[in-house]
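Worksheet: the structure to be examined is printed underneath.
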Amino acid sequence: MRLSRIALAALVLVAAAALGFGQSVELVGAGATFPAPFYSKVFDEYSKQMGVKVNYQAIGSGGGQTQLKNKTVDFGASDVVVTDENAKTFPASFVSIPMVEGSVTITYNLPGNPTLKLTSDIVADIFLGTIKRWNDPRISALNPDVKLPNTAMTVVHRSDGSGTTAVFSDYLSKVSADWKSKVGVGQSLNWPVGVGGKGNPGVAGLVKQLPGAVGYVELIYALQNKMPYATLKNKSGNWIVPSLASTSEAGMVKIPDDVTKVNLTDSEAANGYPISTFTWILVYKEQNYDNRPKDKVEAMMKLLWWMVHDGQQYAEPLAYAKLPAAVVAKAETILKSVTYGGTPVLK
Amino acid sequence: MSVLLIAIFFSLLLTSRHAILANGFRFITGSEWDPVTNTFRSLAFVVGTLVTSLIALVIATILALALAILMGEYFKSGPFSAVMRTAVELLAGIPSVVYGFIGLFFFVPVVRAIEEPLGLPPFGVGVFTTALLLAFMILPYSASIAREMISLVPSDLKEASLSLGATRSETVWKVILPYARGGIMGGVLLSLGRALGETMAVTMVIGNANVLTFNVFAPGNTMASVIANEFSEASSDIYLSSLIEIGLLLFVISTLINIAGKVVVNRMATR
Amino acid sequence: MSAIDATPDTAPAAYGLGGRLDARVRARLRGDVAFRVLMLVLSFIAIVPLGLILVYIIVRGAGSINWQFLTELPKPIGEAGGGISNAIVGTFILIAIASVISIPLGVLAGIFLSEQAKSRLGTVARLSVETLMGIPSIVLGIVAYSWLVRPMGHFSAVSGGVALSMIMLPVITLTTEQTLLMIPVTLREAALALGASYPATILRIILPSGMSGLVTGILLAVARGAGETAPLLFTAFGNPFMGVNVFKPVESLPHTIFYYATSPYPEWQSLAWGASFVLLVVVLALNIVTKLVTSRWKIQF
């Protein structure tokens, strides 16, 4: 019967697929959407140069941490270092390697795409829901040349667990006692107002579509979608436009010995953008778990080494800031500490 | 088969036991969903699911009844009937994510255009948009069953009504519908069951705000949608367990509604 | 014309003085017409989204379809071009796995149900199948995650296929059962009377005569499975590369649509429109083929 021959063909196909032709190394990673445009470019380049394929799913920093914890991925990506409390729940110790620096911009949807100046307390009050309309006197006082409409503000936040949210809320907690007590810091928050979008792209998408919307996204998402973003006043009292330059500036601070303790929000740097952050890749310290093949581990560590060195050249065209030399040095130390069966993978 | 079903139920029960014990009964009565403090209460989502589904049900039932009456009574056969019937069946076959896509690009701007002149915040996304989209997704189910029930009404009842001087519409309204009432209810319940579990289309247009709200023009969230959103990143054990507990709740609720629907339809069909 | 179409306005009692219809009757007749119009209007409104979806997707999606679209992999963000070849292959693989599991099990279960229709076990089994049919697909995704993804330690096409098979299984079972119930008992009795064994009767006589119904059920189940997204979110996971290894993550058409539709990039959104077009064509084609198969091959007894 024809049916049985079709069934046989299907079985053969499935069997062939199961055997997996094409034995090049494949890595699976998951996590932050914040650096996803950078990672996407970098992994594509690396695959062209070295043949190693990286399947990266941008499901949010929370997703990256959880999937690494569950050992369903080779590496996780997160905009924030995992909290000590959460780290205790991981089955083994892991390291966090800084990869690139980016900034969180306040983007909005107003006619004419004006560039607005906002102070930190105004930003906090917008996201707390205290400021409800665009022509609020506090905003118009700072922006006398802009015709602000009487439109209601629609706050757009993340619906998934996000490192971007964690960084943003960390900044807000530093500049607003109100925010700190009412909402706090975290990857998933109990937002007082607003709608949720999935990932940085989801938030950008919603802000782009809803007139009067305001949200927070990584700089590249605002740039690529030609959306306006706010100029903020930083700790030193200077008005800073988010850009590659001001992001780099924010990173020019004293790096603590434990680089994972570095915190760039509300940066001391005189010309630094106040909501900047490094973003991290997480891997287990001892890589010989669950029968991980050695060649895969070596490929992964070589990839990560490449990313903090040659890979950095792809950062600036996408408006991400390269890692400062001091941070690269720290990253190298961390990378060398990853072992396979006790011996360091990278010499 | 039943083994599979029981296995599914217990699997859900087991993986969520952590949350069931920790959250207790307050899980269903509280509405705070706060991963920061590890407080997980599901009322916001239960309400979101019920409100969107019930509004969708009302809209869908009206439209489905119209379709059913048209196809079961006025145009029982012929090319027009065939076209309509095919159209309804095709509606049922369209994947949920495609509905969500259309919802995002068509329904959302339309609803926003309605909200603006009314002075409401122009979200576009929200409970109402979701209910509207859901209505179109579930109406094929109640429409087909209602059509069956209506066409099964004995001709002598209809003829008696007409010969006594009733108009066609009066016959539909006063004789056919009351007779088929039970079966139609069954179909309605089945479509409700479908609405409760709908995930993709909902998560794309509801606005994903984890708050308890009865304001239909505000964003909200449903049980299925929150699971889809937060499952892959639930980092703590209690977070994941709580999401699975919501899945368990969803399983129980939709199963009860579906069984009720099937029972009603079967009883009516064998009359 | 039967008595149903006899209109009441020919009845003499409706005419008042002067040969015109009583005012109340005229009102009722107007109401009758209004009602019919209302039913037509509402019905058209109900069909509106179908038209919308078809028009929108054909217009926006068909434009994206070219050979490059169907054979290339997606490009990084911000670069134009790219395609959905990985999604097409992925969906195919997932359905293949799901079918391998659900078709044999479903047909067997359907045979069982049609044979044991009246017994206690049969009723319980049928209730289970119908309940399974009503379970939201996301719940089935959670189950597949717990059963396969966690223990295996990674996402895979296999776990996605298993989730889809749980969705396809009840459809196949119920249509198989209904098809087999429609085959007259005389056919089976004749076979048994001629000395055929029970399994032979089922395999060589009953199943082949119900083939069209079975195929219908399978096609419907495949259409349903191909369109599901929710259970794949945390089982098959997604893959920007061509994945053919079933123990690794794969991309799928619905996942592509979801991921790219909710992004703000116009290039990605046009990928989503194109993918919707492909998916819609596949699903609707399956549905239409099903109808043709049932109407043409219906065996007359």
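Going by the structure tokens order, chains are called A, B, ..., each with residues numbered from 1, while ligands are numbered from 1 in the order shown.
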- [ ] Excluding Ile59 (chain B) and any residue of its chain fewer than 6 positions from it, enumerate the residues within 12 Å of it, using only C-alpha atoms, and give them as a list in words.
- [x]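 Answer for this query is Thr52, Ser53, Leu65, Ala66, Phe128, Thr130, Ala131, Leu132, Leu133, Leu134, Ala135, Phe136, Met137, Ile138, Leu139, Ser142, Val188, Ser191 and Leu192 of chain B; Leu42, Ile45 and Ala46 of chain C.
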Kindly export the residues of the current selection with N, CA and C atoms, as a PDB file, in the first residue's frame.
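The result, written out as again-v4.pdb:
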```
ATOM      1  N   THR B  52     -12.711  37.971  30.198  1.00  0.00           N
ATOM      2  CA  THR B  52     -12.540  37.943  28.741  1.00  0.00           C
ATOM      3  C   THR B  52     -13.398  36.855  28.129  1.00  0.00           C
ATOM      4  N   SER B  53     -13.432  35.695  28.777  1.00  0.00           N
ATOM      5  CA  SER B  53     -14.189  34.595  28.193  1.00  0.00           C
ATOM      6  C   SER B  53     -15.684  34.874  28.196  1.00  0.00           C
ATOM      7  N   LEU B  65     -25.547  32.363  16.982  1.00  0.00           N
ATOM      8  CA  LEU B  65     -26.971  32.081  16.823  1.00  0.00           C
ATOM      9  C   LEU B  65     -27.474  32.572  15.475  1.00  0.00           C
ATOM     10  N   ALA B  66     -27.020  33.780  15.112  1.00  0.00           N
ATOM     11  CA  ALA B  66     -27.444  34.313  13.813  1.00  0.00           C
ATOM     12  C   ALA B  66     -27.019  33.363  12.696  1.00  0.00           C
ATOM     13  N   PHE B 128     -11.059  44.265  26.530  1.00  0.00           N
ATOM     14  CA  PHE B 128     -12.107  44.317  25.521  1.00  0.00           C
ATOM     15  C   PHE B 128     -11.621  43.790  24.180  1.00  0.00           C
ATOM     16  N   THR B 130      -9.256  41.755  23.629  1.00  0.00           N
ATOM     17  CA  THR B 130      -9.082  40.314  23.749  1.00  0.00           C
ATOM     18  C   THR B 130     -10.420  39.605  23.624  1.00  0.00           C
ATOM     19  N   ALA B 131     -11.440  40.129  24.325  1.00  0.00           N
ATOM     20  CA  ALA B 131     -12.744  39.483  24.280  1.00  0.00           C
ATOM     21  C   ALA B 131     -13.282  39.486  22.856  1.00  0.00           C
ATOM     22  N   LEU B 132     -13.089  40.607  22.156  1.00  0.00           N
ATOM     23  CA  LEU B 132     -13.566  40.711  20.782  1.00  0.00           C
ATOM     24  C   LEU B 132     -12.901  39.653  19.896  1.00  0.00           C
ATOM     25  N   LEU B 133     -11.580  39.560  20.023  1.00  0.00           N
ATOM     26  CA  LEU B 133     -10.834  38.587  19.222  1.00  0.00           C
ATOM     27  C   LEU B 133     -11.264  37.165  19.563  1.00  0.00           C
ATOM     28  N   LEU B 134     -11.372  36.896  20.876  1.00  0.00           N
ATOM     29  CA  LEU B 134     -11.779  35.568  21.330  1.00  0.00           C
ATOM     30  C   LEU B 134     -13.142  35.192  20.772  1.00  0.00           C
ATOM     31  N   ALA B 135     -14.055  36.187  20.742  1.00  0.00           N
ATOM     32  CA  ALA B 135     -15.414  35.906  20.272  1.00  0.00           C
ATOM     33  C   ALA B 135     -15.380  35.293  18.883  1.00  0.00           C
ATOM     34  N   PHE B 136     -14.574  35.885  17.991  1.00  0.00           N
ATOM     35  CA  PHE B 136     -14.520  35.359  16.643  1.00  0.00           C
ATOM     36  C   PHE B 136     -13.848  33.992  16.594  1.00  0.00           C
ATOM     37  N   MET B 137     -12.944  33.767  17.533  1.00  0.00           N
ATOM     38  CA  MET B 137     -12.254  32.481  17.530  1.00  0.00           C
ATOM     39  C   MET B 137     -13.145  31.344  17.987  1.00  0.00           C
ATOM     40  N   ILE B 138     -14.060  31.638  18.923  1.00  0.00           N
ATOM     41  CA  ILE B 138     -14.847  30.531  19.472  1.00  0.00           C
ATOM     42  C   ILE B 138     -16.202  30.352  18.802  1.00  0.00           C
ATOM     43  N   LEU B 139     -16.622  31.334  17.993  1.00  0.00           N
ATOM     44  CA  LEU B 139     -17.975  31.188  17.479  1.00  0.00           C
ATOM     45  C   LEU B 139     -18.185  30.000  16.547  1.00  0.00           C
ATOM     46  N   SER B 142     -19.794  27.011  18.706  1.00  0.00           N
ATOM     47  CA  SER B 142     -21.214  27.066  19.066  1.00  0.00           C
ATOM     48  C   SER B 142     -22.081  27.168  17.824  1.00  0.00           C
ATOM     49  N   VAL B 188     -22.672  26.299  23.501  1.00  0.00           N
ATOM     50  CA  VAL B 188     -22.137  27.517  24.109  1.00  0.00           C
ATOM     51  C   VAL B 188     -21.105  27.169  25.176  1.00  0.00           C
ATOM     52  N   SER B 191     -17.840  26.200  23.590  1.00  0.00           N
ATOM     53  CA  SER B 191     -17.039  27.311  23.088  1.00  0.00           C
ATOM     54  C   SER B 191     -16.431  28.085  24.255  1.00  0.00           C
ATOM     55  N   LEU B 192     -17.132  28.109  25.396  1.00  0.00           N
ATOM     56  CA  LEU B 192     -16.555  28.740  26.588  1.00  0.00           C
ATOM     57  C   LEU B 192     -15.292  28.003  26.995  1.00  0.00           C
TER      58      LEU B 192
ATOM     59  N   LEU C  42     -25.722  39.941  10.896  1.00  0.00           N
ATOM     60  CA  LEU C  42     -24.885  39.373  11.951  1.00  0.00           C
ATOM     61  C   LEU C  42     -24.006  38.250  11.409  1.00  0.00           C
ATOM     62  N   ILE C  45     -21.130  39.700   9.646  1.00  0.00           N
ATOM     63  CA  ILE C  45     -20.155  40.220  10.616  1.00  0.00           C
ATOM     64  C   ILE C  45     -19.315  39.071  11.160  1.00  0.00           C
ATOM     65  N   ALA C  46     -19.976  37.939  11.391  1.00  0.00           N
ATOM     66  CA  ALA C  46     -19.239  36.805  11.949  1.00  0.00           C
ATOM     67  C   ALA C  46     -18.158  36.317  10.996  1.00  0.00           C
TER      68      ALA C  46
END
```
Residues of chain B that have any atom at most 10 Å from an atom of chain A: could you tabulate them with the shortest-distance atom pair and the distance in Å to one decimal, using only C-alpha atoms, ordered by chain and increasing number, as JSON lines?
```
{"residue": "B:Glu32", "atom": "CA", "partner": "A:Asn190", "partner_atom": "CA", "distance": 8.1}
{"residue": "B:Trp33", "atom": "CA", "partner": "A:Asn190", "partner_atom": "CA", "distance": 7.0}
{"residue": "B:Asp34", "atom": "CA", "partner": "A:Asn190", "partner_atom": "CA", "distance": 5.5}
{"residue": "B:Pro35", "atom": "CA", "partner": "A:Ser188", "partner_atom": "CA", "distance": 6.0}
{"residue": "B:Val36", "atom": "CA", "partner": "A:Gly186", "partner_atom": "CA", "distance": 6.1}
{"residue": "B:Thr37", "atom": "CA", "partner": "A:Leu189", "partner_atom": "CA", "distance": 9.3}
{"residue": "B:Leu104", "atom": "CA", "partner": "A:Gln209", "partner_atom": "CA", "distance": 9.8}
{"residue": "B:Phe105", "atom": "CA", "partner": "A:Gln209", "partner_atom": "CA", "distance": 9.6}
{"residue": "B:Val108", "atom": "CA", "partner": "A:Gln209", "partner_atom": "CA", "distance": 9.4}
{"residue": "B:Pro109", "atom": "CA", "partner": "A:Gln209", "partner_atom": "CA", "distance": 8.5}
{"residue": "B:Arg112", "atom": "CA", "partner": "A:Leu210", "partner_atom": "CA", "distance": 8.5}
{"residue": "B:Glu116", "atom": "CA", "partner": "A:Thr151", "partner_atom": "CA", "distance": 9.8}
{"residue": "B:Gly119", "atom": "CA", "partner": "A:Ala152", "partner_atom": "CA", "distance": 9.4}
{"residue": "B:Leu120", "atom": "CA", "partner": "A:Ala152", "partner_atom": "CA", "distance": 8.7}
{"residue": "B:Pro121", "atom": "CA", "partner": "A:Ala152", "partner_atom": "CA", "distance": 6.1}
{"residue": "B:Pro122", "atom": "CA", "partner": "A:Leu210", "partner_atom": "CA", "distance": 7.2}
{"residue": "B:Phe123", "atom": "CA", "partner": "A:Leu210", "partner_atom": "CA", "distance": 6.5}
{"residue": "B:Gly124", "atom": "CA", "partner": "A:Leu210", "partner_atom": "CA", "distance": 7.4}
{"residue": "B:Val125", "atom": "CA", "partner": "A:Val195", "partner_atom": "CA", "distance": 8.3}
{"residue": "B:Gly126", "atom": "CA", "partner": "A:Val195", "partner_atom": "CA", "distance": 8.6}
{"residue": "B:Thr203", "atom": "CA", "partner": "A:Lys198", "partner_atom": "CA", "distance": 9.5}
{"residue": "B:Met204", "atom": "CA", "partner": "A:Gly197", "partner_atom": "CA", "distance": 8.8}
{"residue": "B:Val205", "atom": "CA", "partner": "A:Gly197", "partner_atom": "CA", "distance": 10.0}
{"residue": "B:Ile206", "atom": "CA", "partner": "A:Val195", "partner_atom": "CA", "distance": 8.5}
{"residue": "B:Gly207", "atom": "CA", "partner": "A:Val195", "partner_atom": "CA", "distance": 4.8}
{"residue": "B:Asn208", "atom": "CA", "partner": "A:Gly196", "partner_atom": "CA", "distance": 4.7}
{"residue": "B:Ala209", "atom": "CA", "partner": "A:Val195", "partner_atom": "CA", "distance": 5.2}
{"residue": "B:Asn210", "atom": "CA", "partner": "A:Asn190", "partner_atom": "CA", "distance": 7.7}
{"residue": "B:Val211", "atom": "CA", "partner": "A:Asn190", "partner_atom": "CA", "distance": 8.6}
{"residue": "B:Ala218", "atom": "CA", "partner": "A:Val195", "partner_atom": "CA", "distance": 8.7}
{"residue": "B:Pro219", "atom": "CA", "partner": "A:Val195", "partner_atom": "CA", "distance": 6.1}
{"residue": "B:Gly220", "atom": "CA", "partner": "A:Val195", "partner_atom": "CA", "distance": 8.0}
{"residue": "B:Asn221", "atom": "CA", "partner": "A:Gly196", "partner_atom": "CA", "distance": 9.7}
{"residue": "B:Val226", "atom": "CA", "partner": "A:Ser159", "partner_atom": "CA", "distance": 8.7}
{"residue": "B:Ala228", "atom": "CA", "partner": "A:Asp160", "partner_atom": "CA", "distance": 9.6}
{"residue": "B:Asn229", "atom": "CA", "partner": "A:Asp160", "partner_atom": "CA", "distance": 5.9}
{"residue": "B:Glu230", "atom": "CA", "partner": "A:Asp160", "partner_atom": "CA", "distance": 5.7}
{"residue": "B:Phe231", "atom": "CA", "partner": "A:Gly63", "partner_atom": "CA", "distance": 8.2}
{"residue": "B:Ser232", "atom": "CA", "partner": "A:Gly63", "partner_atom": "CA", "distance": 5.2}
{"residue": "B:Glu233", "atom": "CA", "partner": "A:Gly63", "partner_atom": "CA", "distance": 3.4}
{"residue": "B:Ala234", "atom": "CA", "partner": "A:Thr66", "partner_atom": "CA", "distance": 6.5}
{"residue": "B:Ser235", "atom": "CA", "partner": "A:Thr66", "partner_atom": "CA", "distance": 4.8}
{"residue": "B:Ser236", "atom": "CA", "partner": "A:Asn86", "partner_atom": "CA", "distance": 7.4}
{"residue": "B:Asp237", "atom": "CA", "partner": "A:Thr89", "partner_atom": "CA", "distance": 8.8}
{"residue": "B:Leu240", "atom": "CA", "partner": "A:Thr66", "partner_atom": "CA", "distance": 9.9}
```
Task: Distance-based interface of chain B with chain C, 7 Å, counting only C-alpha atoms, as a ChimeraX atom specification - done: /B:1-2,5,8,11-12,63,66-67,70,87,90-91,93-95,97-98,101-102,136,159,162,165,167-169,193,197-200,224,228,232,247,251,254-255,258-259
Deliver the residues from the most recent selection as a file, using C-alpha atoms, as a PDB file, in the first residue's frame.
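Here's the written file part.pdb:
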```pdb
ATOM      1  CA  MET B   1      -6.163   6.907  27.135  1.00  0.00           C
ATOM      2  CA  SER B   2      -7.565   7.456  30.558  1.00  0.00           C
ATOM      3  CA  LEU B   5      -5.310  11.729  31.386  1.00  0.00           C
ATOM      4  CA  ILE B   8      -1.331  14.419  33.172  1.00  0.00           C
ATOM      5  CA  SER B  11       1.957  15.256  36.919  1.00  0.00           C
ATOM      6  CA  LEU B  12       0.529  18.729  37.238  1.00  0.00           C
ATOM      7  CA  LEU B  63     -23.199  35.982  16.193  1.00  0.00           C
ATOM      8  CA  ALA B  66     -27.444  34.313  13.813  1.00  0.00           C
ATOM      9  CA  LEU B  67     -25.257  31.995  11.752  1.00  0.00           C
ATOM     10  CA  LEU B  70     -29.447  31.348   8.948  1.00  0.00           C
ATOM     11  CA  ALA B  87     -16.359  29.734   5.911  1.00  0.00           C
ATOM     12  CA  LEU B  90     -12.209  27.593   8.026  1.00  0.00           C
ATOM     13  CA  LEU B  91     -12.539  30.132  10.831  1.00  0.00           C
ATOM     14  CA  GLY B  93      -8.953  26.091  11.526  1.00  0.00           C
ATOM     15  CA  ILE B  94      -6.971  29.302  11.611  1.00  0.00           C
ATOM     16  CA  PRO B  95      -4.096  29.049  14.065  1.00  0.00           C
ATOM     17  CA  VAL B  97      -1.075  32.917  16.596  1.00  0.00           C
ATOM     18  CA  VAL B  98      -2.391  34.167  13.246  1.00  0.00           C
ATOM     19  CA  PHE B 101      -1.227  38.770  14.639  1.00  0.00           C
ATOM     20  CA  ILE B 102      -4.372  40.119  13.003  1.00  0.00           C
ATOM     21  CA  PHE B 136     -14.520  35.359  16.643  1.00  0.00           C
ATOM     22  CA  GLU B 159     -45.439  23.656  10.253  1.00  0.00           C
ATOM     23  CA  LEU B 162     -46.782  28.574  10.636  1.00  0.00           C
ATOM     24  CA  GLY B 165     -50.391  32.262  11.501  1.00  0.00           C
ATOM     25  CA  THR B 167     -44.341  34.502  10.736  1.00  0.00           C
ATOM     26  CA  ARG B 168     -41.089  32.687  10.061  1.00  0.00           C
ATOM     27  CA  SER B 169     -39.169  34.803  12.533  1.00  0.00           C
ATOM     28  CA  GLY B 193     -14.206  25.871  27.301  1.00  0.00           C
ATOM     29  CA  GLY B 197      -7.659  27.957  27.401  1.00  0.00           C
ATOM     30  CA  GLU B 198      -6.775  30.241  24.532  1.00  0.00           C
ATOM     31  CA  THR B 199      -3.208  31.386  24.895  1.00  0.00           C
ATOM     32  CA  MET B 200      -1.387  32.929  21.964  1.00  0.00           C
ATOM     33  CA  ALA B 224      -2.972  30.862  30.044  1.00  0.00           C
ATOM     34  CA  ALA B 228       3.204  31.557  28.437  1.00  0.00           C
ATOM     35  CA  SER B 232      10.744  29.982  30.759  1.00  0.00           C
ATOM     36  CA  GLY B 247      -1.959  25.432  34.894  1.00  0.00           C
ATOM     37  CA  PHE B 251      -6.981  22.321  33.633  1.00  0.00           C
ATOM     38  CA  SER B 254     -11.781  23.981  31.536  1.00  0.00           C
ATOM     39  CA  THR B 255     -12.304  20.260  32.074  1.00  0.00           C
ATOM     40  CA  ASN B 258     -16.149  20.905  28.804  1.00  0.00           C
ATOM     41  CA  ILE B 259     -17.698  17.949  30.572  1.00  0.00           C
TER      42      ILE B 259
END
```
Open item on the list: Give me, as a list in words, the residues of chain C touching chain A, with the criterion being at most 7 Å (counting only C-alpha atoms).
Closed with: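 The answer, sorted by residue number, is Pro76, Ile77, Gly153, His154, Phe155, Asn239, Pro240, Phe241, Val244, Asn245, Val246, Phe247, Thr262, Ser263, Pro264 and Tyr265 of chain C.
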Open item on the list: Neighbouring residues of Trp134 (chain A) were defined as those with any atom within 12 Å, considering only C-alpha atoms; residues of the same chain fewer than 5 positions away were excluded. Please report them as a count of residues only.
Closed with: 28
Open item on the list: What's around Glu189 (chain C) at 12 Å? Count only C-alpha atoms, leave out sequence neighbours fewer than 6 positions away in its own chain, and write the answer as a list in words.
Closed with: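 Once the adjacent positions are removed, what remains is Ile183, Gly195, Ala196, Ser197, Tyr198, Thr201, Ile202, Ile205 and Ile206 of chain C.
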I need the chosen residues saved as an mmCIF file, in the first residue's frame, with N, CA and C atoms.
```cif
data_model
loop_
_atom_site.group_PDB
_atom_site.id
_atom_site.type_symbol
_atom_site.label_atom_id
_atom_site.label_comp_id
_atom_site.auth_asym_id
_atom_site.auth_seq_id
_atom_site.Cartn_x
_atom_site.Cartn_y
_atom_site.Cartn_z
ATOM 1 N N ILE C 183 -19.720 2.366 9.726
ATOM 2 C CA ILE C 183 -19.657 1.208 8.834
ATOM 3 C C ILE C 183 -20.672 0.187 9.331
ATOM 4 N N GLY C 195 -15.214 -16.749 8.309
ATOM 5 C CA GLY C 195 -14.113 -17.412 8.994
ATOM 6 C C GLY C 195 -12.886 -16.551 9.237
ATOM 7 N N ALA C 196 -12.977 -15.256 8.931
ATOM 8 C CA ALA C 196 -11.813 -14.393 9.175
ATOM 9 C C ALA C 196 -11.635 -14.187 10.676
ATOM 10 N N SER C 197 -10.382 -14.053 11.092
ATOM 11 C CA SER C 197 -10.136 -13.815 12.518
ATOM 12 C C SER C 197 -10.459 -12.369 12.840
ATOM 13 N N TYR C 198 -10.587 -12.087 14.140
ATOM 14 C CA TYR C 198 -10.957 -10.746 14.564
ATOM 15 C C TYR C 198 -9.957 -9.683 14.096
ATOM 16 N N THR C 201 -10.209 -9.167 10.408
ATOM 17 C CA THR C 201 -11.416 -8.414 10.032
ATOM 18 C C THR C 201 -11.165 -6.920 10.172
ATOM 19 N N ILE C 202 -10.607 -6.570 11.317
ATOM 20 C CA ILE C 202 -10.378 -5.148 11.551
ATOM 21 C C ILE C 202 -9.428 -4.591 10.502
ATOM 22 N N ILE C 205 -10.692 -5.486 6.503
ATOM 23 C CA ILE C 205 -12.021 -5.125 6.015
ATOM 24 C C ILE C 205 -12.467 -3.763 6.539
ATOM 25 N N ILE C 206 -12.492 -3.645 7.858
ATOM 26 C CA ILE C 206 -13.075 -2.444 8.466
ATOM 27 C C ILE C 206 -12.247 -1.195 8.170
#
```
Open item on the list: Give me the residues near Ser248 (chain A) as a VMD selection string, where near means some atom within 9 Å (using only C-alpha atoms) and where sequence neighbours in that chain fewer than 4 positions away do not count.
Closed with: chain A and resid 101 to 102 243 to 244 252 272 to 273 276 320 to 324
Task: Coordinates-based distance that separates CA of Val100 (chain C) from CA of Ala157 (chain C) (Å, one decimal) - done: 13.2 Å
Open item on the list: Please extract the residues of region 130-194 of chain A with a backbone DSSP assignment of strand (DSSP E) and present them as a VMD selection string.
Closed with: chain A and resid 154 to 158
Can I get the selected residues back with N, CA and C atoms, as a PDB file, in the first residue's frame?
```pdb
ATOM      1  N   THR A 154       0.805  56.405  28.554  1.00  0.00           N
ATOM      2  CA  THR A 154       0.640  54.966  28.718  1.00  0.00           C
ATOM      3  C   THR A 154       2.011  54.387  29.000  1.00  0.00           C
ATOM      4  N   VAL A 155       2.190  53.894  30.210  1.00  0.00           N
ATOM      5  CA  VAL A 155       3.478  53.312  30.577  1.00  0.00           C
ATOM      6  C   VAL A 155       3.599  51.918  29.959  1.00  0.00           C
ATOM      7  N   VAL A 156       4.740  51.643  29.356  1.00  0.00           N
ATOM      8  CA  VAL A 156       4.971  50.302  28.831  1.00  0.00           C
ATOM      9  C   VAL A 156       6.157  49.701  29.585  1.00  0.00           C
ATOM     10  N   HIS A 157       5.927  48.554  30.185  1.00  0.00           N
ATOM     11  CA  HIS A 157       7.018  47.897  30.900  1.00  0.00           C
ATOM     12  C   HIS A 157       7.172  46.483  30.359  1.00  0.00           C
ATOM     13  N   ARG A 158       8.042  45.711  30.984  1.00  0.00           N
ATOM     14  CA  ARG A 158       8.271  44.350  30.519  1.00  0.00           C
ATOM     15  C   ARG A 158       7.270  43.399  31.143  1.00  0.00           C
TER      16      ARG A 158
END
```
TODO: Any chance you could list, as number ranges by chain, the residues in region 160-233 of chain A that come up alpha helix (DSSP H) when DSSP is run on the backbone?
DONE: A: 163-175, 177-182, 199-209, 219-224
